Amino acid sequence: MIDLPGSTDRSVRRIVGVIGECGAAERVYYCADTSAMLRVRAADPSAEIALTWTTSAPPRPALLDAVRPRWLNYRFGLMNRELAARIHADGLLVSVWTADTRRTMRRLIGYGVDSVTTNRIDALRAELAGPPGPGAGRRPDGTGP
């Protein structure tokens with residue numbers, strides 16, 4: 001994932017170009033706000049995009065049509081089970097940022113998010129591996145370690 005806050009047309013073109021030159025376009029996805037993701041879409045029509053969204057109100061359909069994100073990327077405190085379900089029902093994946101405690105990670109995983117951005121990969125790995133903690137390592141459907 002390449003986060004592009006504060007990007008410019010020039011910087012986005014350069015970054016997308018370098019990713020393409022390295023043959024990494026199929027292994028990279030981009031995230032940032034609407035203006036940056038519109039720049040990415042213009043630079044690479046096939047780019048995988050996680051549109052950062054900062055409100056529980058859904059993005060307008062015209063915006064989704066223009067950006068064509070695969071993911072909606074929310075600050076973890078905005079996420080709840082209903083929002084995750086609505087995003088999935090719209091055919092998009094859900095990512096959240098930046099969850100750094102196991103308790104928060106457990107809650108988000110329980111909501112059915114598809115991706116958790118964290119500064120504590122050790123905590124996320126432990127949470128996904130299983131106990132300790134009620135429900136630790138469980139998938140939203142209740143299965144898992």
# chains A, B, ... in the order shown; residues from 1 in each chain; ligands from 1

$ select_by_dssp --residues "chain A" --states "strand (DSSP E or B)" --output "PyMOL selection string"
chain A and resi 2-3+29-32+48-53+71-75+93-97+115-116

$ write_last_selection --atoms "C-alpha atoms" --output "CSV table (one decimal), in the first residue's frame"
chain,number,residue,atom,x,y,z
A,2,ILE,CA,1.3,3.4,-0.9
A,3,ASP,CA,-0.3,6.3,1.0
A,29,TYR,CA,-2.6,-0.4,-4.1
A,30,TYR,CA,-2.9,3.3,-3.4
A,31,CYS,CA,-4.7,5.1,-0.7
A,32,ALA,CA,-5.5,8.7,0.2
A,48,GLU,CA,-6.1,-0.7,-7.2
A,49,ILE,CA,-7.4,2.1,-5.0
A,50,ALA,CA,-8.4,2.3,-1.3
A,51,LEU,CA,-10.3,5.5,-1.1
A,52,THR,CA,-9.8,7.1,2.3
A,53,TRP,CA,-13.1,8.2,3.7
A,71,TRP,CA,-11.6,-0.5,-1.0
A,72,LEU,CA,-13.1,2.2,1.3
A,73,ASN,CA,-10.5,3.1,3.9
A,74,TYR,CA,-11.8,4.4,7.2
A,75,ARG,CA,-10.2,5.6,10.4
A,93,LEU,CA,-13.7,-4.1,0.5
A,94,VAL,CA,-13.3,-2.5,3.9
A,95,SER,CA,-10.0,-1.3,5.3
A,96,VAL,CA,-9.3,0.6,8.5
A,97,TRP,CA,-6.4,2.6,9.9
A,115,SER,CA,-7.8,-5.1,6.2
A,116,VAL,CA,-6.3,-3.5,9.3

$ residues_around --residues "segment 117-134 of chain A" --least-positions-apart "5" --cutoff "7 Å" --atoms "only C-alpha atoms" --output "list in words"
Val96, Trp97, Thr98, Ala99, Asp100, Thr101, Arg102, Met105, Arg106 and Pro145 of chain A

$ residues_around --residues "segment 43-47 of chain A" --least-positions-apart "2" --cutoff "6 Å" --atoms "only C-alpha atoms" --output "ChimeraX atom specification"
/A:13,40-41

$ select_by_dssp --residues "chain A" --states "helix (DSSP H, G or I)" --output "NGL selection string"
:A and (9-21 or 25-27 or 34-43 or 61-67 or 76-78 or 81-89 or 102-111 or 121-129)

$ atom_distance --atom1 "atom CA of Leu38 of chain A" --atom2 "atom CA of Val67 of chain A"
5.6 Å

$ atom_distance --atom1 "atom CA of Gly112 of chain A" --atom2 "atom CA of Ala36 of chain A"
26.7 Å

$ residues_around --residues "segment 81-86 of chain A" --least-positions-apart "3" --cutoff "10 Å" --atoms "only C-alpha atoms" --output "PyMOL selection string"
chain A and resi 56-58+72+78+89-95+107-114+140
